[in-house]
Amino acid sequence: MRSSFTSESCKESQLNSLNPQSWLQVERGKLSKLSSQSSTSPTSSSPSIESFIKVPEPPVQPFFKPGDYVEVLAQIHEELESCSPQERSNLYLFQYQLFKGLGEAKLMRRSLRSAWLKGSTVHEKLVFGAWLKFERQGEELISDLLATCGKCAQESGQIDVSSDLDIDISSSSRETVSMMNGSHILRSVSFKIGDEKIVCDRQKIASLSAPFHAMLNGCFSESLCEHIDLSENNISPLGFRSISEFSITGSLNEESPNVLLEMLIFANKFCCERLKDACDRKLASLVSSRDDAVELMECALEENSPVLAASCLQVFLQDLPDCLNDDRVVEIFSHANKQEKMIMVGPASFSLYCLLSEVAMNLDPQSDKTACFLDQLVESAQTNRQKLLAFHQLGCVRLLRKEYDEAERLFEAALNAGHIYSVSGLARLGRIRGHRLWAFDKLSSVISSGTPLGWMYLERSLCCEGDKRWEDLEKATELDPTLTYPYMYRAAALMRRQNVQAALAEINRILGFKLALECLELRFCFYLALENYQAAICDVQAILTLSPDYRMFEGRVAASQLRTLVREHVENWTTADCWLQLYDRWSSVDDTGSLSVIYQMLESDAAKGVLYFRQSLLLLRLNCPEAAMRSLQLARQHASTEHERLVYEGWILYDTGHCNEGLQKAEESINIKKSFEAFFLKAYALADSSLDPSCSSTVISLLEEALKCPSDRLRKGQALNNLGSVYVDCGKLDLAADCYINALKIRHTRAHQGLARVHFLRNEKTAAYEEMTKLIEKAQNNASAYEKRSEYCDRELTKADLEMVTQLDPLRVYPYRYRAAVLMDSHKEKEAIAELSRAIVFKADLHLLHLRAAFHEHTGDVLAALRDCRAALSVDPNHREMLELHNRVNSHEP
């Protein structure tokens with residue numbers, strides 16, 4: 001979720017008031033400094049450190065978190081293979097919810113796109129198309145850039161509802177009405193509307209509906225009348241003339257919306273299905289604004305006009321999230337009854353309210369509209385899966401709103417429906433009510449009754465104090481090292497014990513592989529308490545790079561304000577100072593420090609396009625793709641020349657998977673002016689897009705051209721490194737070594753890795769190991785360096801390096817695969833599978849699942865192998881080797 005889902009118990013964990021300025025309003029240069037020894041504590045003149053290092057409890061997340069996500073993914077894949085087309089979009093929606101609980105953003109979006117592509121109704125297309133658009137907020141530029149390359153983006157744009165939505169008009173309305181015999185039946189009839197009379201063809205009017213047929217040709221007195229008064233039926237003369245014309249031609253004239261509304265209401269009253277359908281579609285084609293949609297939706301629901309309702313719905317959904325700030329729109333969605341929802345969105349009611357609830361929770365999870373939408377979600381839920389998700393999400397919101405009895409009922413319902421994670425909500429409620437022991441026992445029962453997960457121990461730790469809490473949090477980290485709260489709690493506890501170095505080491509553990517804003521905030525507080533303002537400003541500037549609007553201390557203080565205050569206590573750097581600092585941090589692979597320096601440089605008059613571009617490169621290395629894309633777009637916006645702007649557009653296209661279009665932009669830039677970045681982009685994109693080995697010579701020449709152009713050493717080092725890699729791939733080891741050595745001369749530290757590879761290919765394994773050791777000694781973020789060094793040593797040293805990799809970055813999957821393979825070679829099948837399972841629990845990785853499936857196949861456990869194959873194909877449905885293994889295992893299924 002884009003916004004923080006604040007924990008109810010957070011407020012109890014923070015001081016009621018906070019005045020960070022009291023820490024900062026001290027004359028610079030006269031601050032008492034702490035020594036670097038871990039035993040040193042903050043000065044007694046400082047405000048209480050407690051006010052800065054209270055760690056809020058993590059919220060109960062409104063996500064679907066099953067006990068065994070692999071099993072559920074496998075079930076979804078199996079059902080997708082055999083279900084009817086009408087069921088597919090709901091299965092993909094459920095898959096989306098599962099990936100959301102796992103934090104897999106790319107897989108979430110792919111599932112949404114699959115739900116849109118496989119939608120069997122216009123309503124599903126509307127909902128999932130709008131959902132995709134909501135997820136792509138801020139990406140409009142990409143579509144515009146693709147258009148300049150002559151390519152249309154595969155967007156889920158507007159649907160012509162009036163043409164695409166099929167409505168089954170009842171057979172009785174279509175049947176030909178037989179003519180009655182008898183001379184007393186008149187050929188024409190006039191209808192009086194006020195003071196006007198409209199002469200109509202009796203049988204044509206009669207054919208509009210069964211009621212008209214009965215009135216004009218049956219036993220009613222009107223069948224003998226030449227003049228009939230319809231003045232009391234809210235139809236104008238103009239409207240009825242159009243009805244008469246429709247009865248003859250079967251089509252509508254161009255009429256105003258008001259007249260069409262009259263005709264629609266009249267048609268509904270007299271059961272004129274064909275006329276009603278025509279008016280419905282005509283009105284639907286005229287809806288163009290939110291005001292139109294609000295006005296016409298009421299009529300659509302009253303008159304049972306599904307095409308018009310769908311058209312109004314599309315206008316609302318295409319305007320998310322803004323339309324949810326309109327009380328009129330919220331009223332429509334919040335109070336729709338079952339029949340109105342069927343008119344508005346057909347059978348896609350659950351999908352609609354899933355979308356609306358998610359958008360509303362992003363805006364304000366405690367708002368009335370969020371609660372109303374989730375109430376509607378519960379009402380729309382039909383299957384067990386839908387119910388457990390709806391119950392849990394609404395339970396989370398009720399908990400935030402302190403509606404504890406209702407929250408308890410909902411969490412119980414979700415738990416009974418099979419959502420094991422909902423026990424966390426019940427445990428929180430137990431603690432709020434003072435039943436701490438009951439909550440502890442409840443969680444202990446869950447832990448002992450199945451496969452324990454990290455969040456279970458985290459939740460139970462909240463019911464304990466002292467060593468028991470610490471013990472449970474250690475277990476939580478062991479089972480799921482991606483959970484941020486255990487690191488934050490331990491770091492804060494160590495800081496309170498005045499063990500400064502241990503506290504910083506603990507928070508740095510997670511920041512080494514997961515740049516979580518709340519962890520950066522906590523470390524900022526540590527540095528603030530320690531009066532290390534230079535380090536503090538580094539962290540707050542990194543925070544502002546990742547999230548410019550971030551607010552700290554439970555949202556009470558803007559990070560930008562704190563940065564302004566801290567800035568008063570650090571030395572101002574000149575532009576030259578900043579470049580020197582950037583080179584130092586870049587060469588030591590201190591990516592967070594580099595981010596901070598660039599943030600500071602952006603305040604100067606330096607060329608901002610280049611700086612934003614450097615920022616985007618760092619953010620990509622730190623696995624922050626959304627922030628990186630924002631920086632790239634800012635680079636384009638601040639480009640000083642046309643050829644520079646084209647380069648940034650090329651990178652935007654390349655980074656979003658449009659490699660050929662990125663290449664095209666590079667060529668356009670080169671045609672205007674030859675520049676380092678344009679040649680570099682072209683070389684990078686060409687190397688990635690071409691499968692032809694002969695393109696290597698072209699890539700080499702492009703990188704050589706780039707190196708002839710003016711640039712700074714940071715980028716030239718990268719170009720030399722890339723050129724060395726191409727030479728290695730071509731077998732030109734001497735040229736590759738020259739490139740890497742030259743890159744190292746200008747402090748491109750990562751070139752040690754390339755040079756180590758050259759040594760290894762020359763059969764100089766010891767030299768390769770030593771080269772990687774140099775990188776490890778220089779680099780601050782060196783998990784990848786340990787991983788690479790493990791390839792250049794014997795098994796025992798390899799195991800030690802890979803254990804270090806897992807400590808530094810537990811998300812890197814190669815160490816688990818290596819250790820599992822070694823165990824398998826030693827015929828320790830159970831241990832090998834356990835090693836893979838250790839990582840699979842918290843990381844949905846295709847390669848881990850693939851290898852575990854192969855191990856299960858080897859041991860003859862066909863069902864387990866098939867489960868892993870299906871789960872892996874949910875992660876990547878088109879993976880060739882996975883498909884082959886799945887087909888092979890599937891053929892052995894009993």
# chains A, B, ... in the order shown; residues from 1 in each chain; ligands from 1
$ select_by_dssp --residues "stretch 439-657 of chain A" --states "strand (DSSP E)" --output "list of chain:residue names"
A:Arg551, A:Met552, A:Val557, A:Ala558
$ residues_around --residues "stretch 101-117 of chain A" --least-positions-apart "2" --cutoff "9 Å" --atoms "only C-alpha atoms" --output "CSV table (one decimal) with N, CA, C and O atoms, in the first residue's frame"
chain,number,residue,atom,x,y,z
A,61,GLN,N,-1.5,-6.1,9.2
A,61,GLN,CA,-1.6,-5.7,7.8
A,61,GLN,C,-2.9,-6.2,7.2
A,61,GLN,O,-3.3,-7.4,7.4
A,62,PRO,N,-3.6,-5.4,6.3
A,62,PRO,CA,-4.8,-5.8,5.7
A,62,PRO,C,-4.6,-6.7,4.5
A,62,PRO,O,-5.2,-6.4,3.4
A,63,PHE,N,-3.7,-7.6,4.6
A,63,PHE,CA,-3.3,-8.4,3.4
A,63,PHE,C,-3.7,-9.9,3.6
A,63,PHE,O,-3.9,-10.4,4.7
A,64,PHE,N,-3.7,-10.6,2.5
A,64,PHE,CA,-3.9,-12.1,2.5
A,64,PHE,C,-2.6,-12.7,2.8
A,64,PHE,O,-1.7,-12.6,1.9
A,65,LYS,N,-2.4,-13.4,3.9
A,65,LYS,CA,-1.2,-14.1,4.2
A,65,LYS,C,-1.5,-15.5,4.7
A,65,LYS,O,-1.7,-15.7,5.9
A,66,PRO,N,-1.5,-16.4,3.8
A,66,PRO,CA,-1.8,-17.8,4.1
A,66,PRO,C,-0.7,-18.5,4.9
A,66,PRO,O,0.4,-18.0,4.9
A,69,TYR,N,1.9,-20.2,1.4
A,69,TYR,CA,1.5,-19.5,0.1
A,69,TYR,C,1.8,-20.4,-1.1
A,69,TYR,O,1.2,-20.2,-2.1
A,88,ARG,N,-11.9,-17.0,-14.4
A,88,ARG,CA,-10.5,-16.7,-14.4
A,88,ARG,C,-10.1,-15.4,-13.8
A,88,ARG,O,-9.1,-15.3,-13.1
A,89,SER,N,-10.9,-14.4,-14.1
A,89,SER,CA,-10.5,-13.1,-13.6
A,89,SER,C,-10.5,-13.1,-12.0
A,89,SER,O,-9.6,-12.5,-11.4
A,90,ASN,N,-11.4,-13.8,-11.4
A,90,ASN,CA,-11.5,-13.8,-10.0
A,90,ASN,C,-10.3,-14.6,-9.4
A,90,ASN,O,-9.8,-14.3,-8.3
A,91,LEU,N,-9.8,-15.6,-10.1
A,91,LEU,CA,-8.7,-16.4,-9.7
A,91,LEU,C,-7.4,-15.5,-9.8
A,91,LEU,O,-6.5,-15.5,-8.9
A,92,TYR,N,-7.3,-14.7,-10.8
A,92,TYR,CA,-6.1,-13.8,-11.0
A,92,TYR,C,-6.2,-12.7,-9.9
A,92,TYR,O,-5.2,-12.3,-9.4
A,93,LEU,N,-7.4,-12.3,-9.5
A,93,LEU,CA,-7.5,-11.3,-8.5
A,93,LEU,C,-7.0,-11.9,-7.2
A,93,LEU,O,-6.3,-11.2,-6.4
A,94,PHE,N,-7.4,-13.1,-6.9
A,94,PHE,CA,-6.9,-13.8,-5.7
A,94,PHE,C,-5.4,-13.9,-5.7
A,94,PHE,O,-4.7,-13.7,-4.7
A,95,GLN,N,-4.9,-14.3,-6.9
A,95,GLN,CA,-3.4,-14.4,-7.0
A,95,GLN,C,-2.8,-13.0,-6.7
A,95,GLN,O,-1.7,-12.9,-6.1
A,96,TYR,N,-3.4,-12.0,-7.2
A,96,TYR,CA,-2.9,-10.6,-6.9
A,96,TYR,C,-2.8,-10.3,-5.4
A,96,TYR,O,-1.9,-9.8,-4.9
A,97,GLN,N,-3.9,-10.7,-4.7
A,97,GLN,CA,-3.9,-10.5,-3.3
A,97,GLN,C,-2.8,-11.3,-2.6
A,97,GLN,O,-2.3,-10.8,-1.6
A,98,LEU,N,-2.6,-12.5,-3.0
A,98,LEU,CA,-1.5,-13.3,-2.4
A,98,LEU,C,-0.1,-12.6,-2.7
A,98,LEU,O,0.7,-12.5,-1.7
A,99,PHE,N,0.1,-12.2,-3.9
A,99,PHE,CA,1.4,-11.5,-4.2
A,99,PHE,C,1.5,-10.2,-3.4
A,99,PHE,O,2.6,-9.8,-3.0
A,119,GLY,N,-10.7,-11.1,-18.4
A,119,GLY,CA,-12.1,-10.7,-18.0
A,119,GLY,C,-13.1,-11.1,-19.1
A,119,GLY,O,-12.9,-10.9,-20.3
A,120,SER,N,-14.1,-11.8,-18.6
A,120,SER,CA,-15.1,-12.3,-19.6
A,120,SER,C,-16.3,-11.4,-19.8
A,120,SER,O,-17.2,-11.7,-20.6
A,124,GLU,N,-15.9,-6.5,-15.8
A,124,GLU,CA,-14.6,-6.9,-15.4
A,124,GLU,C,-13.5,-6.2,-16.1
A,124,GLU,O,-12.5,-5.7,-15.5
A,125,LYS,N,-13.7,-5.9,-17.4
A,125,LYS,CA,-12.7,-5.1,-18.1
A,125,LYS,C,-12.6,-3.7,-17.6
A,125,LYS,O,-11.6,-3.1,-17.4
A,126,LEU,N,-13.8,-3.2,-17.2
A,126,LEU,CA,-13.8,-1.8,-16.6
A,126,LEU,C,-13.1,-1.8,-15.3
A,126,LEU,O,-12.3,-0.9,-15.1
A,127,VAL,N,-13.4,-2.7,-14.4
A,127,VAL,CA,-12.8,-2.7,-13.1
A,127,VAL,C,-11.3,-2.9,-13.2
A,127,VAL,O,-10.5,-2.1,-12.6
A,128,PHE,N,-10.8,-3.9,-13.9
A,128,PHE,CA,-9.4,-4.2,-13.9
A,128,PHE,C,-8.6,-3.3,-14.7
A,128,PHE,O,-7.5,-3.0,-14.5
A,129,GLY,N,-9.3,-2.7,-15.8
A,129,GLY,CA,-8.6,-1.7,-16.6
A,129,GLY,C,-8.4,-0.4,-15.7
A,129,GLY,O,-7.3,0.2,-15.7
A,131,TRP,N,-8.1,-0.4,-12.5
A,131,TRP,CA,-7.2,-0.8,-11.4
A,131,TRP,C,-5.7,-0.7,-12.0
A,131,TRP,O,-4.8,-0.1,-11.3
A,132,LEU,N,-5.5,-1.2,-13.2
A,132,LEU,CA,-4.2,-1.0,-13.8
A,132,LEU,C,-3.8,0.4,-14.0
A,132,LEU,O,-2.7,0.8,-13.8
A,135,GLU,N,-2.8,1.8,-10.7
A,135,GLU,CA,-1.4,1.3,-10.4
A,135,GLU,C,-0.3,2.0,-11.2
A,135,GLU,O,0.8,2.1,-10.7
A,156,SER,N,-5.1,-0.1,-21.1
A,156,SER,CA,-6.4,-0.6,-20.9
A,156,SER,C,-7.5,0.4,-21.1
A,156,SER,O,-8.5,0.4,-20.4
A,842,PHE,N,9.9,-16.9,2.8
A,842,PHE,CA,9.8,-15.4,2.7
A,842,PHE,C,10.1,-14.8,1.4
A,842,PHE,O,10.0,-13.6,1.2
A,843,LYS,N,10.4,-15.7,0.4
A,843,LYS,CA,10.8,-15.1,-0.9
A,843,LYS,C,10.2,-16.0,-2.0
A,843,LYS,O,10.6,-17.2,-2.2
A,844,ALA,N,9.3,-15.5,-2.8
A,844,ALA,CA,8.7,-16.3,-3.9
A,844,ALA,C,9.6,-16.2,-5.1
A,844,ALA,O,9.4,-15.4,-6.0
A,874,SER,N,3.1,-19.9,-11.4
A,874,SER,CA,2.4,-18.7,-11.1
A,874,SER,C,3.3,-17.5,-11.0
A,874,SER,O,2.9,-16.4,-11.3
A,875,VAL,N,4.6,-17.8,-10.7
A,875,VAL,CA,5.6,-16.7,-10.6
A,875,VAL,C,6.0,-16.3,-12.0
A,875,VAL,O,6.2,-15.2,-12.4
A,876,ASP,N,6.2,-17.3,-12.9
A,876,ASP,CA,6.6,-17.1,-14.3
A,876,ASP,C,5.9,-18.1,-15.2
A,876,ASP,O,6.4,-19.2,-15.3
$ closest_residue --among "A:Ala576, A:Glu196, A:Asp68, A:Ser445" --to "A:Ile840" --atoms "only C-alpha atoms"
A:Asp68
$ closest_residue --among "A:Leu355, A:Met772, A:Asp590, A:Pro59" --to "A:Gly425" --atoms "only C-alpha atoms"
A:Pro59
$ residues_around --residues "stretch 236-238 of chain A" --least-positions-apart "2" --cutoff "9 Å" --atoms "only C-alpha atoms" --output "list in words"
Lys192, Ile193, Gly194, Glu196, Lys197, Ile198, Ser231, Asn233, Asn234, Phe240, Arg241, Ser242, Ile243, Val259, Glu262 and Met263 of chain A
$ residues_around --residues "A:Glu139" --least-positions-apart "3" --cutoff "12 Å" --atoms "only C-alpha atoms" --output "PyMOL selection string"
chain A and resi 132-136+142-146+153+155+626+629-630+632-633+652-653+656
$ atom_distance --atom1 "atom CA of A:Glu644" --atom2 "atom CA of A:Tyr727"
28.0 Å
$ residues_around --residues "A:Gly650" --least-positions-apart "2" --cutoff "8 Å" --atoms "only C-alpha atoms" --output "PDB file with N, CA, C and O atoms, in the first residue's frame"
ATOM      1  N   LEU A 646      16.717  13.404 -24.922  1.00  0.00           N
ATOM      2  CA  LEU A 646      16.471  12.155 -25.650  1.00  0.00           C
ATOM      3  C   LEU A 646      17.137  10.963 -24.963  1.00  0.00           C
ATOM      4  O   LEU A 646      16.588   9.854 -24.946  1.00  0.00           O
ATOM      5  N   VAL A 647      18.321  11.181 -24.392  1.00  0.00           N
ATOM      6  CA  VAL A 647      19.004  10.094 -23.675  1.00  0.00           C
ATOM      7  C   VAL A 647      18.177   9.649 -22.475  1.00  0.00           C
ATOM      8  O   VAL A 647      17.972   8.446 -22.241  1.00  0.00           O
ATOM      9  N   TYR A 648      17.668  10.611 -21.702  1.00  0.00           N
ATOM     10  CA  TYR A 648      16.887  10.243 -20.527  1.00  0.00           C
ATOM     11  C   TYR A 648      15.580   9.568 -20.933  1.00  0.00           C
ATOM     12  O   TYR A 648      15.125   8.632 -20.259  1.00  0.00           O
ATOM     13  N   ILE A 652      14.314   5.856 -19.793  1.00  0.00           N
ATOM     14  CA  ILE A 652      12.962   5.611 -19.266  1.00  0.00           C
ATOM     15  C   ILE A 652      12.323   4.447 -20.014  1.00  0.00           C
ATOM     16  O   ILE A 652      11.742   3.536 -19.408  1.00  0.00           O
ATOM     17  N   LEU A 653      12.448   4.464 -21.332  1.00  0.00           N
ATOM     18  CA  LEU A 653      11.856   3.386 -22.133  1.00  0.00           C
ATOM     19  C   LEU A 653      12.570   2.066 -21.873  1.00  0.00           C
ATOM     20  O   LEU A 653      11.926   1.013 -21.727  1.00  0.00           O
ATOM     21  N   TYR A 654      13.888   2.101 -21.807  1.00  0.00           N
ATOM     22  CA  TYR A 654      14.649   0.874 -21.554  1.00  0.00           C
ATOM     23  C   TYR A 654      14.281   0.260 -20.210  1.00  0.00           C
ATOM     24  O   TYR A 654      14.049  -0.952 -20.106  1.00  0.00           O
ATOM     25  N   GLU A 661      12.757   0.724 -28.363  1.00  0.00           N
ATOM     26  CA  GLU A 661      12.400   2.139 -28.379  1.00  0.00           C
ATOM     27  C   GLU A 661      13.469   2.983 -27.679  1.00  0.00           C
ATOM     28  O   GLU A 661      13.760   4.107 -28.098  1.00  0.00           O
ATOM     29  N   GLY A 662      14.072   2.419 -26.622  1.00  0.00           N
ATOM     30  CA  GLY A 662      15.180   3.110 -25.969  1.00  0.00           C
ATOM     31  C   GLY A 662      16.356   3.268 -26.914  1.00  0.00           C
ATOM     32  O   GLY A 662      17.025   4.314 -26.943  1.00  0.00           O
ATOM     33  N   LEU A 663      16.616   2.226 -27.690  1.00  0.00           N
ATOM     34  CA  LEU A 663      17.684   2.270 -28.695  1.00  0.00           C
ATOM     35  C   LEU A 663      17.414   3.357 -29.733  1.00  0.00           C
ATOM     36  O   LEU A 663      18.313   4.098 -30.150  1.00  0.00           O
ATOM     37  N   GLN A 664      16.157   3.477 -30.134  1.00  0.00           N
ATOM     38  CA  GLN A 664      15.770   4.493 -31.108  1.00  0.00           C
ATOM     39  C   GLN A 664      16.046   5.901 -30.582  1.00  0.00           C
ATOM     40  O   GLN A 664      16.545   6.772 -31.299  1.00  0.00           O
ATOM     41  N   LYS A 665      15.755   6.126 -29.304  1.00  0.00           N
ATOM     42  CA  LYS A 665      16.007   7.437 -28.704  1.00  0.00           C
ATOM     43  C   LYS A 665      17.504   7.743 -28.664  1.00  0.00           C
ATOM     44  O   LYS A 665      17.926   8.885 -28.880  1.00  0.00           O
ATOM     45  N   ALA A 666      18.309   6.714 -28.387  1.00  0.00           N
ATOM     46  CA  ALA A 666      19.758   6.912 -28.364  1.00  0.00           C
ATOM     47  C   ALA A 666      20.264   7.348 -29.732  1.00  0.00           C
ATOM     48  O   ALA A 666      21.100   8.256 -29.851  1.00  0.00           O
ATOM     49  N   LEU A 681      24.135   4.566 -23.755  1.00  0.00           N
ATOM     50  CA  LEU A 681      22.784   4.015 -23.811  1.00  0.00           C
ATOM     51  C   LEU A 681      22.612   3.087 -24.999  1.00  0.00           C
ATOM     52  O   LEU A 681      22.055   1.985 -24.877  1.00  0.00           O
TER      53      LEU A 681
END
$ residues_around --residues "stretch 509-525 of chain A" --least-positions-apart "6" --cutoff "9 Å" --atoms "only C-alpha atoms" --output "count of residues only"
40
$ closest_residue --among "A:Tyr740, A:Trp438, A:Trp470, A:Trp651" --to "A:Leu720" --atoms "only C-alpha atoms"
A:Tyr740
$ residues_around --residues "stretch 501-504 of chain A" --least-positions-apart "4" --cutoff "6 Å" --atoms "only C-alpha atoms" --output "ChimeraX atom specification"
/A:38,491,494-495,508
$ write_last_selection --atoms "N, CA and C atoms" --output "PDB file, in the first residue's frame"
ATOM      1  N   SER A  38      31.406   2.118  22.444  1.00  0.00           N
ATOM      2  CA  SER A  38      30.032   1.672  22.637  1.00  0.00           C
ATOM      3  C   SER A  38      29.513   1.961  24.031  1.00  0.00           C
ATOM      4  N   ALA A 491      17.533  -2.866  18.041  1.00  0.00           N
ATOM      5  CA  ALA A 491      18.413  -1.697  17.959  1.00  0.00           C
ATOM      6  C   ALA A 491      18.035  -0.659  19.010  1.00  0.00           C
ATOM      7  N   LEU A 494      19.075  -1.836  22.481  1.00  0.00           N
ATOM      8  CA  LEU A 494      20.521  -1.692  22.674  1.00  0.00           C
ATOM      9  C   LEU A 494      20.903  -0.233  22.890  1.00  0.00           C
ATOM     10  N   MET A 495      20.212   0.649  22.184  1.00  0.00           N
ATOM     11  CA  MET A 495      20.514   2.069  22.337  1.00  0.00           C
ATOM     12  C   MET A 495      20.129   2.552  23.737  1.00  0.00           C
ATOM     13  N   ASN A 508      21.774  -1.393  10.971  1.00  0.00           N
ATOM     14  CA  ASN A 508      22.478  -1.481   9.689  1.00  0.00           C
ATOM     15  C   ASN A 508      22.323  -2.844   9.047  1.00  0.00           C
TER      16      ASN A 508
END
$ closest_residue --among "A:Thr806, A:Ser357, A:Ser82, A:Ser694" --to "A:Pro321" --atoms "only C-alpha atoms"
A:Ser357
$ closest_atom_pairs --of "stretch 754-864 of chain A" --to "stretch 732-738 of chain A" --cutoff "12 Å" --atoms "only C-alpha atoms" --output "CSV"
residue,atom,partner,partner_atom,distance
A:Gly754,CA,A:Ala737,CA,8.0
A:Leu755,CA,A:Ala737,CA,5.9
A:Ala756,CA,A:Ala737,CA,9.2
A:Arg757,CA,A:Ala737,CA,9.4
A:Val758,CA,A:Leu733,CA,6.1
A:His759,CA,A:Ala737,CA,8.7
A:Phe760,CA,A:Leu733,CA,10.5
A:Leu761,CA,A:Leu733,CA,8.1
A:Arg762,CA,A:Leu733,CA,8.1
A:Asn763,CA,A:Leu733,CA,11.9
